[in-house]
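For reference, the structure is listed below as structure tokens.
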Amino acid sequence: MRRALWLDDLDGRLRPCLPAGLAAHARLANIDRGRLVFIVDAPVWQAKLRLAIPELLDAARSIGLVADEVVIRTSPGTPADRRTVKAPRPMSPATQQALQAALASLRDVD
């Protein structure tokens with residue numbers, strides 16, 4: 001539990017160092033043998049985070065971390081990637097009639 005809280009605190013301290021827009025899509029997941037492990041929610045954010053590695057390492061070192069490398073993983077299951085599914089809109093009467101006419105024409109072919 002302490003480690004999770006510590007990582008969450010570090011994430012909060014490093015996230016402001018990320019470029020605008022990227023912070024909402026990247027999260028510090030772990031620190032392992034001098035490697036900062038970040039999770040992003042799409043490959044496009046992985047590429048953008050890769051460009052910010054030098055600044056990120058400088059920021060990590062400035063708060064006392066021994067960091068030599070950044071590892072970036074993509075996780076499609078992060079909350080930012082979840083899409084809300086909208087309920088289908090009801091069909092207009094004209095659309096309904098056109099669909100019924102198309103179905104009737106298919107039945108006539110048989």
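In the structure tokens, chains take letters A, B, ... by order of appearance, with residues numbered from 1 within each chain and ligands from 1 in the order shown.
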
Which polymer residues have any atom within 12 Å of an atom of Arg50 of chain A, counting only C-alpha atoms, with same-chain residues fewer than 5 positions away left out, as a list in words?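 Once the adjacent positions are removed, what remains is Leu18, Pro19, Leu22, Ala26, Val37, Phe38, Ile39, Val40, Pro43, Val44, Trp45, Glu55, Leu56, Leu57, Glu69, Val70, Val71, Ile72 and Arg73 of chain A.
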
May I have the residues from that selection written out with C-alpha atoms, as a compact mmCIF listing (two decimals), in the first residue's frame?
```txt
# COMPACT_ATOMS: atom_id res chain seq x y z
CA LEU A 18 4.49 16.54 -19.38
CA PRO A 19 3.40 18.52 -22.44
CA LEU A 22 -0.44 14.40 -22.68
CA ALA A 26 -0.12 9.05 -19.31
CA VAL A 37 7.54 2.92 -16.42
CA PHE A 38 4.65 4.93 -17.86
CA ILE A 39 1.30 3.65 -19.11
CA VAL A 40 -0.47 5.50 -21.92
CA PRO A 43 -0.01 4.60 -29.41
CA VAL A 44 -0.22 8.28 -30.37
CA TRP A 45 0.39 9.23 -26.73
CA GLU A 55 12.52 16.63 -19.77
CA LEU A 56 10.87 13.82 -17.85
CA LEU A 57 14.22 12.33 -16.79
CA GLU A 69 15.49 5.33 -18.80
CA VAL A 70 11.78 5.66 -19.54
CA VAL A 71 9.74 2.65 -20.57
CA ILE A 72 6.35 3.34 -22.15
CA ARG A 73 3.58 0.77 -22.33
```

Have a look at A:Ala94, A:Ile31, A:Ala102, A:Leu10 and name the one nearest to Ile63 of chain A; count only C-alpha atoms.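 Ranked by minimum distance to Ile63 of chain A, first place goes to A:Leu10.
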
Using DSSP assignments from the backbone, pull out every residue in chain A that falls under helix (DSSP H, G or I) and give it to me as a ChimeraX atom specification. /A:2-17,23-25,43-51,53-62,79-81,93-109

Using DSSP secondary structure from the backbone, list all strand (DSSP E or B) positions within chain A, as a PyMOL selection string. chain A and resi 26-32+35-40+69-74

Pick from A:Met91, A:Ala101, A:Ile53, A:Leu65: nearest to Cys17 of chain A, with only C-alpha atoms counted?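 Once distances to Cys17 of chain A are computed over only C-alpha atoms, the minimum belongs to A:Ile53.
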
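Proximity of A:Leu28, A:Leu106, A:Ala59, A:Ala67 to Ala4 of chain A, computed with only C-alpha atoms, is greatest for A:Leu28.
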